[in-house]
Amino acid sequence: MNGALPVLLDVQSLHPGTPATGTASYAGGLLGALAILDGLDLAALCAPGTVLPTGVRAIEVTRSATAPRAQVMEQALRLPIEVRRHRHGRTVFHNLAFHAPPGLPHPWVQTLHDVIPLAYPSPDLAALRRRWRRLAPRYRSADAVIAVSHHAARDGIAHLGLRPERVHVAHHGVDPAFVPGAGPADPPYLLALGEESLRKGFADAFTLIDELADAGYPHRLVVVGRDRTARLERLRAASRHPQRIELLGLVPDVVPLYQGSTALVMTSRYEGFGLPTLEAMACGVPVVAFANSAVTEVADGAAVLVADGDRSALLAAVRQVLNTPALATELGERGLDHAASYTWARSAVLHREVYRSVAEPG
């Protein structure tokens, strides 16, 4: 193919004035790295006012729905029309969101973040599970699927019936903003991140902080996530030391919270990637996590991993980190080296290879 390959991406998750979600972090990091690669002519569907990297043409689109179900329906109606209107020739469309609407033109690349509702039998995921079963065939229609981890790729093949030859793995990178700070804050705290869901294991994290408090440790638990729900508030109220648990919801800039933490506690029971582990490592912060799903793949010897769901082992590991400064320093150094190998530049090159493969089949 002569000239630059035209690629259209949907980056509406980069909505101005909204705290970054995991999907937004992915969209922002990837788009910035793609913009400096040779051989691509990039355009992006985005909300009005979105600041895009130099060289990426903005195509502003608007949405009016506010209720979650209405938002899904509006996106399903509008996105295929917008893609057809703004593509030309063999433009490759890349959908970075969880689900694609029907009727998208080819060639089309779909990101697979995870299939957690299908793979993890949690009762609070019942509604999402039904949606996934309904929307799974759309993933099979994509010309290529980019999975964010090898674990997510295996899950996609097993639970969505994806053809293995169409599935490619491109790990996330770490934003350069995540760097070491001045060190743990005083008074000290442990950090936990994630939206409110049973699979995130916040009950385990709250029990951990109770046990630490009973043992005389001064640490608080700071929880950052998409939701500050009534269920999470009740869970905190039921703990023995609710004053030691701080629920922040989403924050505009999480970097200082990483930098000031003594350790990241990853109590999630299932992840498609687990970006907080790398973000903490990039800040030189020790990570203690349950060994499961993509967490073991992404942590890869740079974190303390304990048996999945074992609260006693989690407590022992955290106490060892708190009691042994040399271990905390070693984990911080190992984490820094490990996180440095996860770059958006590397991810972007892999994405470009997939774009070219679907634009020039055979």
# chains A, B, ... in the order shown; residues from 1 in each chain; ligands from 1

$ select_by_dssp --residues "stretch 33-214 of chain A" --states "strand (DSSP E or B)" --output "ChimeraX atom specification"
/A:40-46,57-60,92-95,108-112,144-147,167-169,189-193

$ select_by_dssp --residues "stretch 155-290 of chain A" --states "helix (DSSP H, G or I)" --output "PDB file with N, CA, C and O atoms, in the first residue's frame"
ATOM      1  N   ASP A 155      -8.829 -16.157  27.448  1.00  0.00           N
ATOM      2  CA  ASP A 155     -10.232 -16.049  27.858  1.00  0.00           C
ATOM      3  C   ASP A 155     -11.130 -15.754  26.655  1.00  0.00           C
ATOM      4  O   ASP A 155     -12.239 -16.290  26.547  1.00  0.00           O
ATOM      5  N   GLY A 156     -10.663 -14.866  25.769  1.00  0.00           N
ATOM      6  CA  GLY A 156     -11.464 -14.520  24.609  1.00  0.00           C
ATOM      7  C   GLY A 156     -11.677 -15.701  23.688  1.00  0.00           C
ATOM      8  O   GLY A 156     -12.780 -15.901  23.151  1.00  0.00           O
ATOM      9  N   ILE A 157     -10.657 -16.492  23.514  1.00  0.00           N
ATOM     10  CA  ILE A 157     -10.775 -17.685  22.671  1.00  0.00           C
ATOM     11  C   ILE A 157     -11.718 -18.693  23.315  1.00  0.00           C
ATOM     12  O   ILE A 157     -12.568 -19.298  22.650  1.00  0.00           O
ATOM     13  N   ALA A 158     -11.588 -18.864  24.627  1.00  0.00           N
ATOM     14  CA  ALA A 158     -12.382 -19.871  25.333  1.00  0.00           C
ATOM     15  C   ALA A 158     -13.841 -19.464  25.499  1.00  0.00           C
ATOM     16  O   ALA A 158     -14.747 -20.291  25.322  1.00  0.00           O
ATOM     17  N   HIS A 159     -14.104 -18.204  25.835  1.00  0.00           N
ATOM     18  CA  HIS A 159     -15.456 -17.790  26.203  1.00  0.00           C
ATOM     19  C   HIS A 159     -16.209 -17.070  25.087  1.00  0.00           C
ATOM     20  O   HIS A 159     -17.441 -17.014  25.121  1.00  0.00           O
ATOM     21  N   LEU A 160     -15.482 -16.513  24.128  1.00  0.00           N
ATOM     22  CA  LEU A 160     -16.147 -15.797  23.040  1.00  0.00           C
ATOM     23  C   LEU A 160     -16.080 -16.560  21.724  1.00  0.00           C
ATOM     24  O   LEU A 160     -16.712 -16.149  20.747  1.00  0.00           O
ATOM     25  N   PRO A 164      -8.218 -18.173  17.036  1.00  0.00           N
ATOM     26  CA  PRO A 164      -6.899 -17.835  17.581  1.00  0.00           C
ATOM     27  C   PRO A 164      -6.032 -17.023  16.635  1.00  0.00           C
ATOM     28  O   PRO A 164      -5.284 -16.145  17.080  1.00  0.00           O
ATOM     29  N   GLU A 165      -6.130 -17.293  15.329  1.00  0.00           N
ATOM     30  CA  GLU A 165      -5.274 -16.575  14.385  1.00  0.00           C
ATOM     31  C   GLU A 165      -5.659 -15.108  14.247  1.00  0.00           C
ATOM     32  O   GLU A 165      -4.881 -14.307  13.705  1.00  0.00           O
ATOM     33  N   ARG A 166      -6.822 -14.733  14.738  1.00  0.00           N
ATOM     34  CA  ARG A 166      -7.247 -13.336  14.673  1.00  0.00           C
ATOM     35  C   ARG A 166      -6.952 -12.579  15.963  1.00  0.00           C
ATOM     36  O   ARG A 166      -7.227 -11.368  16.044  1.00  0.00           O
ATOM     37  N   LEU A 198     -17.585  -6.998  43.717  1.00  0.00           N
ATOM     38  CA  LEU A 198     -17.186  -8.082  44.613  1.00  0.00           C
ATOM     39  C   LEU A 198     -15.837  -8.665  44.219  1.00  0.00           C
ATOM     40  O   LEU A 198     -15.043  -9.057  45.077  1.00  0.00           O
ATOM     41  N   ARG A 199     -15.570  -8.718  42.917  1.00  0.00           N
ATOM     42  CA  ARG A 199     -14.315  -9.336  42.467  1.00  0.00           C
ATOM     43  C   ARG A 199     -13.089  -8.525  42.868  1.00  0.00           C
ATOM     44  O   ARG A 199     -11.968  -9.044  42.866  1.00  0.00           O
ATOM     45  N   LYS A 200     -13.260  -7.247  43.205  1.00  0.00           N
ATOM     46  CA  LYS A 200     -12.126  -6.418  43.606  1.00  0.00           C
ATOM     47  C   LYS A 200     -11.625  -6.750  45.008  1.00  0.00           C
ATOM     48  O   LYS A 200     -10.550  -6.293  45.403  1.00  0.00           O
ATOM     49  N   PHE A 202     -12.527  -5.878  48.090  1.00  0.00           N
ATOM     50  CA  PHE A 202     -12.339  -4.838  49.093  1.00  0.00           C
ATOM     51  C   PHE A 202     -12.618  -5.358  50.506  1.00  0.00           C
ATOM     52  O   PHE A 202     -12.058  -4.840  51.482  1.00  0.00           O
ATOM     53  N   ALA A 203     -13.458  -6.369  50.630  1.00  0.00           N
ATOM     54  CA  ALA A 203     -13.679  -6.970  51.948  1.00  0.00           C
ATOM     55  C   ALA A 203     -12.374  -7.530  52.499  1.00  0.00           C
ATOM     56  O   ALA A 203     -12.093  -7.428  53.706  1.00  0.00           O
ATOM     57  N   ASP A 204     -11.560  -8.118  51.623  1.00  0.00           N
ATOM     58  CA  ASP A 204     -10.257  -8.626  52.046  1.00  0.00           C
ATOM     59  C   ASP A 204      -9.338  -7.481  52.457  1.00  0.00           C
ATOM     60  O   ASP A 204      -8.599  -7.591  53.439  1.00  0.00           O
ATOM     61  N   ALA A 205      -9.374  -6.390  51.697  1.00  0.00           N
ATOM     62  CA  ALA A 205      -8.530  -5.235  52.022  1.00  0.00           C
ATOM     63  C   ALA A 205      -8.955  -4.599  53.338  1.00  0.00           C
ATOM     64  O   ALA A 205      -8.108  -4.171  54.142  1.00  0.00           O
ATOM     65  N   PHE A 206     -10.265  -4.530  53.591  1.00  0.00           N
ATOM     66  CA  PHE A 206     -10.753  -3.929  54.833  1.00  0.00           C
ATOM     67  C   PHE A 206     -10.390  -4.815  56.030  1.00  0.00           C
ATOM     68  O   PHE A 206     -10.031  -4.311  57.106  1.00  0.00           O
ATOM     69  N   THR A 207     -10.474  -6.127  55.845  1.00  0.00           N
ATOM     70  CA  THR A 207     -10.058  -7.045  56.911  1.00  0.00           C
ATOM     71  C   THR A 207      -8.572  -6.896  57.188  1.00  0.00           C
ATOM     72  O   THR A 207      -8.131  -6.928  58.353  1.00  0.00           O
ATOM     73  N   LEU A 208      -7.800  -6.729  56.128  1.00  0.00           N
ATOM     74  CA  LEU A 208      -6.361  -6.532  56.283  1.00  0.00           C
ATOM     75  C   LEU A 208      -6.057  -5.320  57.147  1.00  0.00           C
ATOM     76  O   LEU A 208      -5.237  -5.387  58.078  1.00  0.00           O
ATOM     77  N   ILE A 209      -6.711  -4.202  56.870  1.00  0.00           N
ATOM     78  CA  ILE A 209      -6.409  -2.991  57.636  1.00  0.00           C
ATOM     79  C   ILE A 209      -6.887  -3.131  59.072  1.00  0.00           C
ATOM     80  O   ILE A 209      -6.264  -2.581  60.009  1.00  0.00           O
ATOM     81  N   ASP A 210      -7.974  -3.864  59.298  1.00  0.00           N
ATOM     82  CA  ASP A 210      -8.417  -4.146  60.668  1.00  0.00           C
ATOM     83  C   ASP A 210      -7.351  -4.926  61.428  1.00  0.00           C
ATOM     84  O   ASP A 210      -7.029  -4.614  62.583  1.00  0.00           O
ATOM     85  N   GLU A 211      -6.803  -5.956  60.783  1.00  0.00           N
ATOM     86  CA  GLU A 211      -5.791  -6.786  61.436  1.00  0.00           C
ATOM     87  C   GLU A 211      -4.529  -5.982  61.722  1.00  0.00           C
ATOM     88  O   GLU A 211      -3.901  -6.136  62.786  1.00  0.00           O
ATOM     89  N   LEU A 212      -4.152  -5.119  60.794  1.00  0.00           N
ATOM     90  CA  LEU A 212      -2.967  -4.284  61.015  1.00  0.00           C
ATOM     91  C   LEU A 212      -3.191  -3.315  62.170  1.00  0.00           C
ATOM     92  O   LEU A 212      -2.296  -3.089  62.998  1.00  0.00           O
ATOM     93  N   ALA A 213      -4.392  -2.729  62.208  1.00  0.00           N
ATOM     94  CA  ALA A 213      -4.705  -1.801  63.300  1.00  0.00           C
ATOM     95  C   ALA A 213      -4.680  -2.516  64.645  1.00  0.00           C
ATOM     96  O   ALA A 213      -4.137  -2.001  65.638  1.00  0.00           O
ATOM     97  N   ASP A 214      -5.260  -3.717  64.700  1.00  0.00           N
ATOM     98  CA  ASP A 214      -5.269  -4.479  65.948  1.00  0.00           C
ATOM     99  C   ASP A 214      -3.856  -4.826  66.397  1.00  0.00           C
ATOM    100  O   ASP A 214      -3.585  -4.957  67.605  1.00  0.00           O
ATOM    101  N   ALA A 230     -23.096   2.736  48.137  1.00  0.00           N
ATOM    102  CA  ALA A 230     -23.659   2.457  49.454  1.00  0.00           C
ATOM    103  C   ALA A 230     -23.137   1.125  49.981  1.00  0.00           C
ATOM    104  O   ALA A 230     -22.903   0.977  51.193  1.00  0.00           O
ATOM    105  N   ARG A 231     -22.947   0.153  49.084  1.00  0.00           N
ATOM    106  CA  ARG A 231     -22.440  -1.156  49.524  1.00  0.00           C
ATOM    107  C   ARG A 231     -21.036  -1.013  50.100  1.00  0.00           C
ATOM    108  O   ARG A 231     -20.695  -1.629  51.121  1.00  0.00           O
ATOM    109  N   LEU A 232     -20.194  -0.211  49.452  1.00  0.00           N
ATOM    110  CA  LEU A 232     -18.842  -0.011  49.953  1.00  0.00           C
ATOM    111  C   LEU A 232     -18.856   0.749  51.274  1.00  0.00           C
ATOM    112  O   LEU A 232     -18.072   0.456  52.185  1.00  0.00           O
ATOM    113  N   GLU A 233     -19.752   1.706  51.398  1.00  0.00           N
ATOM    114  CA  GLU A 233     -19.889   2.438  52.654  1.00  0.00           C
ATOM    115  C   GLU A 233     -20.328   1.496  53.783  1.00  0.00           C
ATOM    116  O   GLU A 233     -19.823   1.586  54.907  1.00  0.00           O
ATOM    117  N   ARG A 234     -21.259   0.593  53.476  1.00  0.00           N
ATOM    118  CA  ARG A 234     -21.713  -0.369  54.499  1.00  0.00           C
ATOM    119  C   ARG A 234     -20.575  -1.304  54.888  1.00  0.00           C
ATOM    120  O   ARG A 234     -20.420  -1.658  56.066  1.00  0.00           O
ATOM    121  N   LEU A 235     -19.777  -1.698  53.913  1.00  0.00           N
ATOM    122  CA  LEU A 235     -18.653  -2.588  54.188  1.00  0.00           C
ATOM    123  C   LEU A 235     -17.644  -1.897  55.105  1.00  0.00           C
ATOM    124  O   LEU A 235     -17.113  -2.510  56.035  1.00  0.00           O
ATOM    125  N   ARG A 236     -17.413  -0.626  54.845  1.00  0.00           N
ATOM    126  CA  ARG A 236     -16.504   0.122  55.720  1.00  0.00           C
ATOM    127  C   ARG A 236     -17.100   0.247  57.127  1.00  0.00           C
ATOM    128  O   ARG A 236     -16.392   0.064  58.132  1.00  0.00           O
ATOM    129  N   ALA A 237     -18.383   0.582  57.201  1.00  0.00           N
ATOM    130  CA  ALA A 237     -19.024   0.765  58.506  1.00  0.00           C
ATOM    131  C   ALA A 237     -18.984  -0.511  59.343  1.00  0.00           C
ATOM    132  O   ALA A 237     -18.944  -0.455  60.578  1.00  0.00           O
ATOM    133  N   PRO A 242     -13.333   1.603  61.026  1.00  0.00           N
ATOM    134  CA  PRO A 242     -13.763   2.340  59.827  1.00  0.00           C
ATOM    135  C   PRO A 242     -13.031   3.665  59.642  1.00  0.00           C
ATOM    136  O   PRO A 242     -12.894   4.144  58.513  1.00  0.00           O
ATOM    137  N   GLN A 243     -12.542   4.235  60.734  1.00  0.00           N
ATOM    138  CA  GLN A 243     -11.811   5.494  60.623  1.00  0.00           C
ATOM    139  C   GLN A 243     -10.473   5.326  59.910  1.00  0.00           C
ATOM    140  O   GLN A 243      -9.857   6.321  59.481  1.00  0.00           O
ATOM    141  N   ARG A 244     -10.030   4.079  59.756  1.00  0.00           N
ATOM    142  CA  ARG A 244      -8.773   3.805  59.067  1.00  0.00           C
ATOM    143  C   ARG A 244      -8.970   3.618  57.561  1.00  0.00           C
ATOM    144  O   ARG A 244      -7.998   3.387  56.839  1.00  0.00           O
ATOM    145  N   VAL A 255      -1.337  10.011  40.701  1.00  0.00           N
ATOM    146  CA  VAL A 255       0.108   9.826  40.859  1.00  0.00           C
ATOM    147  C   VAL A 255       0.581  10.156  42.277  1.00  0.00           C
ATOM    148  O   VAL A 255       1.306   9.362  42.895  1.00  0.00           O
ATOM    149  N   PRO A 256       0.209  11.319  42.854  1.00  0.00           N
ATOM    150  CA  PRO A 256       0.674  11.610  44.214  1.00  0.00           C
ATOM    151  C   PRO A 256       0.223  10.577  45.249  1.00  0.00           C
ATOM    152  O   PRO A 256       0.937  10.326  46.230  1.00  0.00           O
ATOM    153  N   LEU A 257      -0.939   9.969  45.020  1.00  0.00           N
ATOM    154  CA  LEU A 257      -1.406   8.944  45.953  1.00  0.00           C
ATOM    155  C   LEU A 257      -0.548   7.694  45.869  1.00  0.00           C
ATOM    156  O   LEU A 257      -0.255   7.052  46.891  1.00  0.00           O
ATOM    157  N   TYR A 258      -0.150   7.310  44.658  1.00  0.00           N
ATOM    158  CA  TYR A 258       0.804   6.208  44.532  1.00  0.00           C
ATOM    159  C   TYR A 258       2.108   6.558  45.245  1.00  0.00           C
ATOM    160  O   TYR A 258       2.641   5.771  46.033  1.00  0.00           O
ATOM    161  N   GLN A 259       2.640   7.730  44.937  1.00  0.00           N
ATOM    162  CA  GLN A 259       3.960   8.122  45.443  1.00  0.00           C
ATOM    163  C   GLN A 259       4.001   8.166  46.964  1.00  0.00           C
ATOM    164  O   GLN A 259       5.047   7.889  47.562  1.00  0.00           O
ATOM    165  N   GLY A 260       2.896   8.513  47.599  1.00  0.00           N
ATOM    166  CA  GLY A 260       2.875   8.627  49.051  1.00  0.00           C
ATOM    167  C   GLY A 260       2.511   7.348  49.778  1.00  0.00           C
ATOM    168  O   GLY A 260       2.553   7.310  51.019  1.00  0.00           O
ATOM    169  N   LEU A 275      -3.534  -2.782  35.459  1.00  0.00           N
ATOM    170  CA  LEU A 275      -2.621  -1.653  35.279  1.00  0.00           C
ATOM    171  C   LEU A 275      -2.121  -1.042  36.597  1.00  0.00           C
ATOM    172  O   LEU A 275      -0.966  -0.595  36.655  1.00  0.00           O
ATOM    173  N   PRO A 276      -2.919  -0.998  37.680  1.00  0.00           N
ATOM    174  CA  PRO A 276      -2.395  -0.419  38.918  1.00  0.00           C
ATOM    175  C   PRO A 276      -1.106  -1.069  39.410  1.00  0.00           C
ATOM    176  O   PRO A 276      -0.285  -0.396  40.050  1.00  0.00           O
ATOM    177  N   THR A 277      -0.904  -2.355  39.141  1.00  0.00           N
ATOM    178  CA  THR A 277       0.337  -2.992  39.588  1.00  0.00           C
ATOM    179  C   THR A 277       1.546  -2.327  38.938  1.00  0.00           C
ATOM    180  O   THR A 277       2.543  -2.030  39.601  1.00  0.00           O
ATOM    181  N   LEU A 278       1.459  -2.060  37.640  1.00  0.00           N
ATOM    182  CA  LEU A 278       2.573  -1.423  36.942  1.00  0.00           C
ATOM    183  C   LEU A 278       2.718   0.041  37.327  1.00  0.00           C
ATOM    184  O   LEU A 278       3.836   0.552  37.441  1.00  0.00           O
ATOM    185  N   GLU A 279       1.593   0.735  37.509  1.00  0.00           N
ATOM    186  CA  GLU A 279       1.663   2.147  37.898  1.00  0.00           C
ATOM    187  C   GLU A 279       2.343   2.301  39.253  1.00  0.00           C
ATOM    188  O   GLU A 279       3.164   3.207  39.449  1.00  0.00           O
ATOM    189  N   ALA A 280       2.008   1.403  40.190  1.00  0.00           N
ATOM    190  CA  ALA A 280       2.658   1.452  41.499  1.00  0.00           C
ATOM    191  C   ALA A 280       4.153   1.166  41.363  1.00  0.00           C
ATOM    192  O   ALA A 280       4.985   1.850  41.971  1.00  0.00           O
ATOM    193  N   MET A 281       4.503   0.151  40.587  1.00  0.00           N
ATOM    194  CA  MET A 281       5.915  -0.185  40.399  1.00  0.00           C
ATOM    195  C   MET A 281       6.690   0.969  39.784  1.00  0.00           C
ATOM    196  O   MET A 281       7.827   1.247  40.169  1.00  0.00           O
ATOM    197  N   ALA A 282       6.070   1.651  38.812  1.00  0.00           N
ATOM    198  CA  ALA A 282       6.736   2.792  38.172  1.00  0.00           C
ATOM    199  C   ALA A 282       6.981   3.924  39.159  1.00  0.00           C
ATOM    200  O   ALA A 282       7.863   4.768  38.934  1.00  0.00           O
TER     201      ALA A 282
END

$ closest_residue --among "A:Val224, A:Leu42, A:Val115, A:Leu190" --to "A:Val318" --atoms "only C-alpha atoms"
A:Leu190

$ closest_residue --among "A:Thr66, A:Leu96, A:Ala24, A:His150" --to "A:Leu9" --atoms "only C-alpha atoms"
A:Leu96

$ residues_around --residues "A:Ala27" --least-positions-apart "2" --cutoff "10 Å" --atoms "only C-alpha atoms" --output "ChimeraX atom specification"
/A:9-14,21-25,29-32,96-97

$ write_last_selection --atoms "C-alpha atoms" --output "PDB file, in the first residue's frame"
ATOM      1  CA  LEU A   9      -9.968   5.396  16.317  1.00  0.00           C
ATOM      2  CA  ASP A  10     -12.847   5.985  18.707  1.00  0.00           C
ATOM      3  CA  VAL A  11     -11.390   7.797  21.750  1.00  0.00           C
ATOM      4  CA  GLN A  12     -14.560   9.196  23.267  1.00  0.00           C
ATOM      5  CA  SER A  13     -13.360   7.869  26.636  1.00  0.00           C
ATOM      6  CA  LEU A  14     -10.952  10.839  26.686  1.00  0.00           C
ATOM      7  CA  THR A  21     -10.744   5.485  33.730  1.00  0.00           C
ATOM      8  CA  GLY A  22      -8.721   2.456  32.663  1.00  0.00           C
ATOM      9  CA  THR A  23     -10.123   2.698  29.135  1.00  0.00           C
ATOM     10  CA  ALA A  24      -9.197   6.379  28.979  1.00  0.00           C
ATOM     11  CA  SER A  25      -5.657   5.629  30.160  1.00  0.00           C
ATOM     12  CA  GLY A  29      -1.348   6.329  26.093  1.00  0.00           C
ATOM     13  CA  LEU A  30      -1.833   4.441  22.857  1.00  0.00           C
ATOM     14  CA  LEU A  31      -2.872   7.453  20.780  1.00  0.00           C
ATOM     15  CA  GLY A  32       0.110   9.485  21.957  1.00  0.00           C
ATOM     16  CA  LEU A  96     -11.035   0.753  21.880  1.00  0.00           C
ATOM     17  CA  ALA A  97     -14.159   0.388  24.032  1.00  0.00           C
TER      18      ALA A  97
END

$ residues_around --residues "A:Leu77" --least-positions-apart "5" --cutoff "12 Å" --atoms "only C-alpha atoms" --output "count of residues only"
12

$ residues_around --residues "stretch 129-145 of chain A" --least-positions-apart "2" --cutoff "7 Å" --atoms "only C-alpha atoms" --output "list in words"
Ala100, Pro102, Pro107, Trp108, Val109, Gln110, Thr111, Leu112, Pro117, Leu118, Leu125, Ala126, Ala127, Ala147, Leu160, Leu162, Arg166, Val167, His168 and Val358 of chain A

$ write_last_selection --atoms "C-alpha atoms" --output "mmCIF file, in the first residue's frame"
data_model
loop_
_atom_site.group_PDB
_atom_site.id
_atom_site.type_symbol
_atom_site.label_atom_id
_atom_site.label_comp_id
_atom_site.auth_asym_id
_atom_site.auth_seq_id
_atom_site.Cartn_x
_atom_site.Cartn_y
_atom_site.Cartn_z
ATOM 1 C CA ALA A 100 -18.715 -2.592 19.416
ATOM 2 C CA PRO A 102 -23.459 -3.839 15.019
ATOM 3 C CA PRO A 107 -11.531 -3.544 8.139
ATOM 4 C CA TRP A 108 -12.213 -3.277 11.845
ATOM 5 C CA VAL A 109 -9.953 -3.961 14.838
ATOM 6 C CA GLN A 110 -11.502 -4.561 18.259
ATOM 7 C CA THR A 111 -9.732 -4.307 21.615
ATOM 8 C CA LEU A 112 -10.437 -7.067 24.134
ATOM 9 C CA PRO A 117 -18.452 -11.399 33.510
ATOM 10 C CA LEU A 118 -18.217 -14.673 31.587
ATOM 11 C CA LEU A 125 -22.014 -9.482 37.444
ATOM 12 C CA ALA A 126 -25.266 -11.204 36.389
ATOM 13 C CA ALA A 127 -26.553 -8.264 34.312
ATOM 14 C CA ALA A 147 -6.066 -8.506 23.658
ATOM 15 C CA LEU A 160 -16.147 -15.797 23.040
ATOM 16 C CA LEU A 162 -12.588 -16.147 18.855
ATOM 17 C CA ARG A 166 -7.247 -13.336 14.673
ATOM 18 C CA VAL A 167 -6.186 -12.621 18.268
ATOM 19 C CA HIS A 168 -3.065 -10.548 18.954
ATOM 20 C CA VAL A 358 -6.082 -6.223 8.252
#

$ atom_distance --atom1 "atom CA of A:Glu271" --atom2 "atom CA of A:Asp175"
19.3 Å

$ atom_distance --atom1 "atom CA of A:Phe93" --atom2 "atom CA of A:Ala348"
15.1 Å

$ closest_residue --among "A:Met73, A:Ile59, A:Gly249, A:Arg319" --to "A:Arg85" --atoms "only C-alpha atoms"
A:Ile59

$ closest_residue --among "A:Val254, A:Cys283, A:Leu34, A:Ala294" --to "A:Ala153" --atoms "only C-alpha atoms"
A:Ala294

$ residues_around --residues "A:Leu37" --least-positions-apart "6" --cutoff "10 Å" --atoms "only C-alpha atoms" --output "list in words"
Ala345, Ala348, Val349 and Arg352 of chain A
